[in-house]
$ cat model-v8.tsv   # TSV, C-alpha atoms
chain	number	residue	atom	x	y	z
A	24	MET	CA	38.52	21.44	21.03
A	25	SER	CA	37.88	22.42	24.61
A	26	GLY	CA	41.40	23.85	25.05
A	27	ARG	CA	40.99	26.62	22.54
A	28	SER	CA	37.28	27.00	22.77
A	29	ARG	CA	36.86	29.48	25.55
A	30	ARG	CA	38.40	32.43	23.74
A	31	SER	CA	36.59	31.50	20.54
A	32	VAL	CA	33.26	31.44	22.32
A	33	LEU	CA	33.88	34.87	23.75
A	34	VAL	CA	35.02	36.26	20.41
A	35	GLY	CA	32.20	34.54	18.58
A	36	GLY	CA	29.68	35.75	21.10
A	37	ALA	CA	30.92	39.33	20.89
A	38	ALA	CA	30.98	39.25	17.10
A	39	ALA	CA	27.52	37.79	16.99
A	40	PHE	CA	26.22	40.37	19.42
A	41	ALA	CA	27.78	43.20	17.43
A	42	ALA	CA	26.36	41.75	14.23
A	43	ALA	CA	22.96	41.45	15.86
A	44	LEU	CA	23.00	45.17	16.50
A	45	SER	CA	24.13	45.98	12.99
A	46	GLY	CA	21.94	43.73	10.90
A	47	ARG	CA	20.21	40.44	10.68
A	48	GLY	CA	21.95	39.01	7.59
A	49	ALA	CA	25.47	39.42	8.91
A	50	TYR	CA	24.43	38.10	12.28
A	51	GLY	CA	23.29	34.72	11.08
A	52	HIS	CA	26.51	33.98	9.21
A	53	ASN	CA	28.90	35.39	11.76
A	54	GLY	CA	27.24	33.72	14.70
A	55	ILE	CA	27.13	30.27	13.18
A	56	ASP	CA	30.60	30.37	11.67
A	57	HIS	CA	32.36	31.52	14.79
A	58	SER	CA	30.46	29.28	17.10
A	59	LYS	CA	31.52	26.07	15.37
A	60	GLU	CA	34.75	26.30	17.34
A	61	GLY	CA	33.16	26.52	20.75
A	62	ALA	CA	29.42	26.06	20.62
A	63	ALA	CA	27.68	24.86	23.73
A	64	HIS	CA	25.33	21.95	23.67
A	65	HIS	CA	22.05	22.17	25.62
A	66	THR	CA	19.83	19.22	26.36
A	67	VAL	CA	16.15	19.24	27.17
A	68	THR	CA	14.34	16.11	28.26
A	69	ILE	CA	10.65	15.81	27.49
A	70	GLU	CA	9.12	13.80	30.31
A	71	ARG	CA	5.67	13.55	31.79
A	72	PHE	CA	4.42	16.17	29.35
A	73	LYS	CA	6.98	18.77	30.42
A	74	PHE	CA	10.11	20.29	28.90
A	75	VAL	CA	12.88	19.84	31.50
A	76	PRO	CA	14.37	22.35	32.00
A	77	ALA	CA	11.54	24.59	30.85
A	78	ALA	CA	13.87	27.52	30.16
A	79	ILE	CA	17.33	27.55	28.60
A	80	ASP	CA	19.72	30.35	27.71
A	81	ALA	CA	21.65	29.76	24.52
A	82	LYS	CA	23.91	31.65	22.17
A	83	VAL	CA	23.84	31.75	18.42
A	84	GLY	CA	25.57	28.65	17.07
A	85	ASP	CA	24.83	26.52	20.14
A	86	THR	CA	22.89	23.34	19.63
A	87	VAL	CA	19.83	22.28	21.57
A	88	THR	CA	18.75	18.65	21.70
A	89	TRP	CA	15.31	17.55	22.83
A	90	THR	CA	15.00	13.92	23.91
A	91	ASN	CA	11.54	12.40	24.35
A	92	ALA	CA	11.20	10.12	27.37
A	93	ASP	CA	7.40	9.89	27.01
A	94	ILE	CA	5.36	7.30	25.14
A	95	ALA	CA	3.46	10.05	23.31
A	96	PRO	CA	5.21	11.77	20.41
A	97	HIS	CA	6.01	15.45	20.95
A	98	THR	CA	7.51	18.44	19.13
A	99	ALA	CA	9.37	21.58	20.12
A	100	THR	CA	7.86	24.28	17.94
A	101	ALA	CA	8.20	28.06	18.04
A	102	ALA	CA	5.02	29.79	19.18
A	103	ASP	CA	5.23	31.92	16.02
A	104	GLY	CA	5.95	28.87	13.87
A	105	SER	CA	9.42	30.09	12.84
A	106	TRP	CA	11.21	26.91	13.91
A	107	ASP	CA	10.17	23.32	14.58
A	108	THR	CA	11.97	20.11	15.50
A	109	GLY	CA	9.32	18.02	13.79
A	110	THR	CA	7.91	14.92	15.47
A	111	ILE	CA	10.05	13.41	18.23
A	112	ARG	CA	8.93	9.88	19.03
A	113	LYS	CA	9.55	7.90	22.21
A	114	GLY	CA	13.26	7.53	22.82
A	115	GLU	CA	14.17	9.77	19.87
A	116	ALA	CA	16.14	13.02	19.97
A	117	LYS	CA	16.07	15.99	17.61
A	118	SER	CA	18.54	18.88	17.56
A	119	ILE	CA	18.55	22.38	16.21
A	120	THR	CA	21.30	24.95	15.87
A	121	VAL	CA	20.45	28.23	17.52
A	122	SER	CA	20.15	31.20	15.18
A	123	ALA	CA	19.56	34.88	15.83
A	124	GLU	CA	16.08	34.95	14.38
A	125	MET	CA	14.69	32.27	16.64
A	126	ALA	CA	11.62	33.26	18.59
A	127	PRO	CA	12.15	32.28	22.24
A	128	ASP	CA	8.72	30.93	23.17
A	129	TYR	CA	8.03	27.41	22.10
A	130	PHE	CA	5.44	24.68	22.72
A	131	CYS	CA	4.51	21.15	21.69
A	132	ARG	CA	2.35	21.31	18.57
A	133	PHE	CA	0.57	18.12	19.63
A	134	HIS	CA	-0.01	19.19	23.24
A	135	PRO	CA	-0.31	22.98	23.30
A	136	ALA	CA	-0.31	23.16	27.09
A	137	MET	CA	3.39	22.12	27.07
A	138	LYS	CA	5.50	25.26	26.92
A	139	GLY	CA	9.19	26.17	27.03
A	140	VAL	CA	11.48	29.14	26.51
A	141	LEU	CA	14.70	29.19	24.54
A	142	SER	CA	16.35	32.55	25.13
A	143	VAL	CA	19.00	33.55	22.61
A	144	GLY	CA	21.41	35.97	24.22
B	9	MET	CA	-31.20	17.52	21.28
B	10	LYS	CA	-29.19	19.15	23.96
B	11	THR	CA	-30.96	17.12	26.60
B	12	LEU	CA	-30.28	13.93	24.69
B	13	SER	CA	-26.59	14.78	24.33
B	14	SER	CA	-26.23	15.61	27.99
B	15	PHE	CA	-28.06	12.47	28.91
B	16	LEU	CA	-25.77	10.28	26.82
B	17	ALA	CA	-22.65	11.98	28.12
B	18	ALA	CA	-23.84	11.54	31.67
B	19	GLY	CA	-24.76	7.94	30.89
B	20	VAL	CA	-21.26	7.03	29.78
B	21	ALA	CA	-19.70	8.67	32.81
B	22	ALA	CA	-22.23	7.11	35.13
B	23	PHE	CA	-21.68	3.67	33.72
B	24	LEU	CA	-17.94	3.93	34.07
B	25	VAL	CA	-17.54	5.44	37.48
B	26	ALA	CA	-20.59	6.67	39.28
B	27	SER	CA	-22.35	3.41	40.00
B	28	PRO	CA	-20.84	1.60	42.97
B	29	ALA	CA	-21.85	-1.73	41.47
B	30	SER	CA	-19.98	-1.23	38.21
B	31	ALA	CA	-16.99	0.29	39.98
B	32	GLN	CA	-16.85	-2.81	42.11
B	33	ASP	CA	-17.05	-5.01	39.03
B	34	ALA	CA	-14.34	-3.04	37.26
B	35	ALA	CA	-12.11	-3.46	40.30
B	36	ASP	CA	-12.57	-7.22	40.08
B	37	LEU	CA	-11.05	-7.53	36.62
B	38	ASN	CA	-7.71	-9.28	36.30
B	39	ASP	CA	-4.65	-7.71	34.64
B	40	LEU	CA	-5.37	-9.19	31.22
B	41	GLU	CA	-8.99	-8.05	31.32
B	42	ILE	CA	-7.91	-4.58	32.41
B	43	ALA	CA	-5.43	-4.51	29.51
B	44	HIS	CA	-8.29	-5.41	27.16
B	45	VAL	CA	-10.51	-2.60	28.48
B	46	ALA	CA	-7.67	-0.12	28.03
B	47	TYR	CA	-6.97	-1.31	24.51
B	48	VAL	CA	-10.66	-1.05	23.61
B	49	ALA	CA	-10.92	2.39	25.25
B	50	ASP	CA	-7.92	3.58	23.21
B	51	ASN	CA	-9.43	2.29	19.98
B	52	ILE	CA	-12.79	3.91	20.74
B	53	ASP	CA	-11.14	7.29	21.07
B	54	ILE	CA	-9.26	6.70	17.81
B	55	ARG	CA	-12.63	5.93	16.21
B	56	TYR	CA	-14.13	9.19	17.51
B	57	ALA	CA	-11.10	11.01	16.12
B	58	HIS	CA	-11.53	9.52	12.66
B	59	LEU	CA	-15.16	10.59	12.74
B	60	ALA	CA	-14.05	14.11	13.64
B	61	LEU	CA	-11.55	14.19	10.79
B	62	ALA	CA	-14.28	13.09	8.40
B	63	ILE	CA	-16.98	15.53	9.56
B	64	SER	CA	-15.37	18.59	11.12
B	65	THR	CA	-13.93	21.45	9.11
B	66	ASN	CA	-12.47	23.16	12.18
B	67	PRO	CA	-8.60	23.10	12.04
B	68	ALA	CA	-8.34	23.03	15.85
B	69	ILE	CA	-10.61	19.99	16.00
B	70	HIS	CA	-8.50	18.33	13.32
B	71	GLU	CA	-5.27	18.96	15.26
B	72	PHE	CA	-6.82	17.62	18.42
B	73	ALA	CA	-8.19	14.53	16.66
B	74	LYS	CA	-4.80	13.81	15.07
B	75	THR	CA	-3.16	14.04	18.50
B	76	MET	CA	-5.70	11.56	19.87
B	77	ILE	CA	-4.93	9.12	17.04
B	78	ARG	CA	-1.15	9.60	17.42
B	79	ASP	CA	-1.07	9.23	21.21
B	80	HIS	CA	-3.60	6.42	21.62
B	81	THR	CA	-1.88	4.49	18.84
B	82	ALA	CA	1.48	4.94	20.62
B	83	VAL	CA	0.00	3.68	23.90
B	84	ASN	CA	-1.56	0.68	22.20
B	85	GLU	CA	1.74	-0.20	20.54
B	86	GLN	CA	3.42	-0.17	23.96
B	87	ALA	CA	0.62	-2.27	25.44
B	88	LEU	CA	0.85	-4.88	22.68
B	89	ALA	CA	4.65	-4.98	22.96
B	90	LEU	CA	4.39	-5.54	26.71
B	91	LEU	CA	1.78	-8.29	26.35
B	92	ASP	CA	3.98	-9.91	23.74
B	93	LYS	CA	6.96	-9.75	26.08
B	94	LEU	CA	4.90	-11.25	28.89
B	95	GLY	CA	3.64	-13.95	26.52
B	96	ALA	CA	0.08	-12.97	27.39
B	97	GLN	CA	-3.06	-12.03	25.54
B	98	ALA	CA	-5.65	-9.47	26.59
B	99	GLN	CA	-8.98	-10.99	27.66
B	100	ASP	CA	-12.36	-9.78	26.47
B	101	ASN	CA	-14.81	-9.00	29.27
B	102	PHE	CA	-18.12	-7.33	30.13
B	103	LEU	CA	-16.66	-3.87	30.52
B	104	SER	CA	-14.93	-3.91	27.12
B	105	ARG	CA	-18.19	-4.97	25.51
B	106	THR	CA	-20.23	-2.30	27.26
B	107	LEU	CA	-17.72	0.38	26.29
B	108	LEU	CA	-18.05	-0.70	22.67
B	109	GLU	CA	-21.85	-0.67	22.82
B	110	ASN	CA	-21.83	2.85	24.26
B	111	ALA	CA	-19.35	3.97	21.63
B	112	ASP	CA	-21.52	2.58	18.81
B	113	LYS	CA	-24.43	4.68	20.06
B	114	LEU	CA	-22.30	7.79	20.37
B	115	VAL	CA	-20.80	7.39	16.91
B	116	ASP	CA	-24.31	7.01	15.46
B	117	GLU	CA	-25.45	10.12	17.27
B	118	MET	CA	-22.43	12.24	16.36
B	119	ALA	CA	-22.42	11.11	12.73
B	120	ASP	CA	-25.72	12.95	12.23
B	121	LEU	CA	-24.32	16.28	13.38
B	122	ARG	CA	-22.54	18.86	11.23
B	123	GLY	CA	-20.59	22.08	11.62
B	124	ALA	CA	-20.37	23.79	15.00
B	125	GLU	CA	-22.89	21.38	16.45
B	126	PHE	CA	-20.62	18.43	15.72
B	127	ASP	CA	-17.49	20.22	16.99
B	128	LYS	CA	-19.17	21.05	20.28
B	129	ARG	CA	-20.51	17.54	20.73
B	130	TYR	CA	-17.17	15.95	19.85
B	131	ALA	CA	-15.20	18.20	22.22
B	132	GLU	CA	-17.68	17.68	25.05
B	133	ASN	CA	-17.61	13.94	24.57
B	134	GLU	CA	-13.80	13.91	24.53
B	135	LEU	CA	-13.81	15.72	27.85
B	136	ALA	CA	-16.44	13.45	29.39
B	137	TYR	CA	-14.85	10.31	27.96
B	138	HIS	CA	-11.32	11.08	29.13
B	139	ARG	CA	-12.59	12.15	32.53
B	140	ALA	CA	-14.53	8.91	32.94
B	141	VAL	CA	-11.78	6.62	31.67
B	142	ASN	CA	-9.16	8.45	33.77
B	143	ASP	CA	-11.26	7.94	36.88
B	144	LEU	CA	-11.59	4.29	36.04
B	145	VAL	CA	-7.86	3.85	35.36
B	146	GLU	CA	-6.78	5.80	38.43
B	147	ASN	CA	-9.26	4.46	40.96
B	148	ALA	CA	-10.31	1.03	39.78
B	149	PHE	CA	-7.45	-0.27	37.61
B	150	ILE	CA	-4.09	0.99	38.87
B	151	PRO	CA	-4.68	0.03	42.53
B	152	ASN	CA	-5.60	-3.50	41.42
B	153	ILE	CA	-3.04	-4.28	38.72
B	154	GLU	CA	-0.68	-6.99	39.96
B	155	ASN	CA	2.08	-6.98	37.34
B	156	ALA	CA	4.56	-4.15	37.97
B	157	GLU	CA	5.29	-3.53	34.29
B	158	VAL	CA	1.62	-3.40	33.40
B	159	LYS	CA	1.03	-1.01	36.28
B	160	ALA	CA	3.90	1.24	35.12
B	161	LEU	CA	2.43	1.37	31.62
B	162	PHE	CA	-0.98	2.34	33.00
B	163	GLU	CA	0.61	5.08	35.10
B	164	ALA	CA	2.35	6.45	32.01
B	165	GLY	CA	-0.89	6.13	30.05
B	166	LEU	CA	-2.85	7.95	32.73
B	167	GLU	CA	-0.45	10.86	32.47
B	168	ILE	CA	-1.10	11.08	28.73
B	169	PHE	CA	-4.86	10.82	29.13
B	170	LYS	CA	-4.88	13.50	31.82
B	171	ALA	CA	-3.04	15.78	29.40
B	172	HIS	CA	-5.75	14.94	26.85
B	173	GLN	CA	-8.43	15.78	29.40
B	174	GLY	CA	-6.85	19.21	29.89
B	175	HIS	CA	-6.57	19.63	26.14
B	176	ALA	CA	-10.23	18.62	25.73
B	177	GLU	CA	-11.22	21.26	28.29
B	178	MET	CA	-9.46	23.85	26.13
B	179	MET	CA	-11.26	22.52	23.06
B	180	VAL	CA	-14.66	22.71	24.74
B	181	GLU	CA	-14.01	26.34	25.66
B	182	LYS	CA	-12.82	27.10	22.16
B	183	VAL	CA	-15.82	25.63	20.33
B	184	SER	CA	-18.32	27.04	22.83
B	185	GLN	CA	-17.29	30.64	22.15
$ encode --input "model-v8.tsv" --output "structure tokens"
Amino acid sequence: MSGRSRRSVLVGGAAAFAAALSGRGAYGHNGIDHSKEGAAHHTVTIERFKFVPAAIDAKVGDTVTWTNADIAPHTATAADGSWDTGTIRKGEAKSITVSAEMAPDYFCRFHPAMKGVLSVG
Amino acid sequence: MKTLSSFLAAGVAAFLVASPASAQDAADLNDLEIAHVAYVADNIDIRYAHLALAISTNPAIHEFAKTMIRDHTAVNEQALALLDKLGAQAQDNFLSRTLLENADKLVDEMADLRGAEFDKRYAENELAYHRAVNDLVENAFIPNIENAEVKALFEAGLEIFKAHQGHAEMMVEKVSQ
């Protein structure tokens, strides 16, 4: 997978970017389909009531995994409510696949002072 | 009414931390007594939260109360699992009993309130209660806990309760507007 992935990522990224400019519907499909060949995987650890790292840059089709190292359950939830990992308990991990429509600002629904940014570029 | 509320809030805080005599006593508790106080303190906050869910109609108060139930339940599960692992049982003591007596009075008082008056009282009490218990945990308990695993759990718990204290401050501002 890694051998052929670099070109695919670039092609997928370009196609997704072009699609993003031309229309939302095409973007979602193109981005996800192409990225399956070379999607990056981002990990965020939730520890001591913080998202670490607090900011990540992802591309459409990438996956992001949040792992909870705290005792308290947390969530990663879009500030506008458009996406949500659901409850992540101690030691659990939840993943999402990045899509074009995702709002970048997110927080923990249970602890609103916890904030993160997932930039889709 | 306001005077009574303030007096009770101050009373809880004063009992827990302000009086040198009680602080000294709290510092004398052994690990298993400290564990009992923490377990009781967790359950008291869960009780306040259930009262809030029953009385308040404010969605923000409901969210906050659910977080209190979720987090304090999670901490208590960890505490019980650790005690089980250590083959130990928490020990009842004077401070646990006094906390419960104070909580009974506060529940009685808050149960008579409705609407914005309840929300304000609940939020203010959450702030005062977390502030008082955090002071107790940080200054009287953690420095005196002997078992390393118990100490680590209290340190993790303190982090959660400090987040709650910050959250409660936000709630107080919100319901005071």
$ closest_atom_pairs --input "model-v8.tsv" --of "chain A" --to "chain B" --cutoff "7 Å" --atoms "all atoms listed in the file" --output "CSV"
residue,atom,partner,partner_atom,distance
A:Arg71,CA,B:Glu167,CA,6.7
A:Ile94,CA,B:Ala82,CA,6.4
A:Ala95,CA,B:Asp79,CA,5.1
A:Pro96,CA,B:Asp79,CA,6.8
A:Phe133,CA,B:Thr75,CA,5.6
$ atom_distance --input "model-v8.tsv" --atom1 "atom CA of Arg55 of chain B" --atom2 "atom CA of Met118 of chain B"
11.7 Å
$ closest_residue --input "model-v8.tsv" --among "B:Ile52, B:Ile153, B:Ala136, B:Leu114" --to "Leu40 of chain B" --atoms "only C-alpha atoms"
B:Ile153
$ axis_aligned_box --input "model-v8.tsv" --around "segment 75-92 of chain A" --padding-each-side "6 Å" --output "lines of an AutoDock Vina configuration file"
center_x = 18.4
center_y = 20.9
center_z = 24.5
size_x = 26.4
size_y = 33.6
size_z = 26.9
$ residues_near_point --input "model-v8.tsv" --point "(21.1, 19.5, 17.2)" --cutoff "7 Å" --atoms "only C-alpha atoms" --output "JSON, numbers by chain"
{"A": [86, 87, 88, 117, 118, 119, 120]}
$ closest_residue --input "model-v8.tsv" --among "B:Asp33, B:Ser104, B:Ile42, B:Tyr130" --to "Phe149 of chain B" --atoms "only C-alpha atoms"
B:Ile42
$ closest_residue --input "model-v8.tsv" --among "A:Ala126, A:Ala116, A:Ala101, A:Val121" --to "Ala62 of chain A" --atoms "all atoms listed in the file"
A:Val121
$ atom_distance --input "model-v8.tsv" --atom1 "atom CA of Gln173 of chain B" --atom2 "atom CA of Leu135 of chain B"
5.6 Å
$ atom_distance --input "model-v8.tsv" --atom1 "atom CA of Asp36 of chain B" --atom2 "atom CA of Lys93 of chain B"
24.2 Å
$ closest_residue --input "model-v8.tsv" --among "B:Val45, B:Ala140, B:Val158, B:Val183" --to "Asp100 of chain B" --atoms "all atoms listed in the file"
B:Val45
$ closest_residue --input "model-v8.tsv" --among "B:Leu37, B:Ala62, B:Val141, B:Leu91" --to "Asp127 of chain B" --atoms "all atoms listed in the file"
B:Ala62
$ decode --input "model-v8.tsv" --residues "segment 117-132 of chain A" --atoms "C-alpha atoms" --output "PDB file, in the first residue's frame"
ATOM      1  CA  LYS A 117     -13.349   6.328  18.085  1.00  0.00           C
ATOM      2  CA  SER A 118     -12.509   7.185  14.480  1.00  0.00           C
ATOM      3  CA  ILE A 119     -14.073   9.280  11.787  1.00  0.00           C
ATOM      4  CA  THR A 120     -13.300   9.637   8.100  1.00  0.00           C
ATOM      5  CA  VAL A 121     -12.673  13.207   7.080  1.00  0.00           C
ATOM      6  CA  SER A 122     -15.173  14.670   4.642  1.00  0.00           C
ATOM      7  CA  ALA A 123     -15.316  18.004   2.862  1.00  0.00           C
ATOM      8  CA  GLU A 124     -18.292  19.314   4.787  1.00  0.00           C
ATOM      9  CA  MET A 125     -16.712  18.922   8.197  1.00  0.00           C
ATOM     10  CA  ALA A 126     -16.649  22.057  10.288  1.00  0.00           C
ATOM     11  CA  PRO A 127     -13.117  22.485  11.687  1.00  0.00           C
ATOM     12  CA  ASP A 128     -13.843  23.645  15.236  1.00  0.00           C
ATOM     13  CA  TYR A 129     -14.714  20.929  17.668  1.00  0.00           C
ATOM     14  CA  PHE A 130     -15.131  20.484  21.426  1.00  0.00           C
ATOM     15  CA  CYS A 131     -16.074  17.908  24.043  1.00  0.00           C
ATOM     16  CA  ARG A 132     -19.852  17.922  24.484  1.00  0.00           C
TER      17      ARG A 132
END
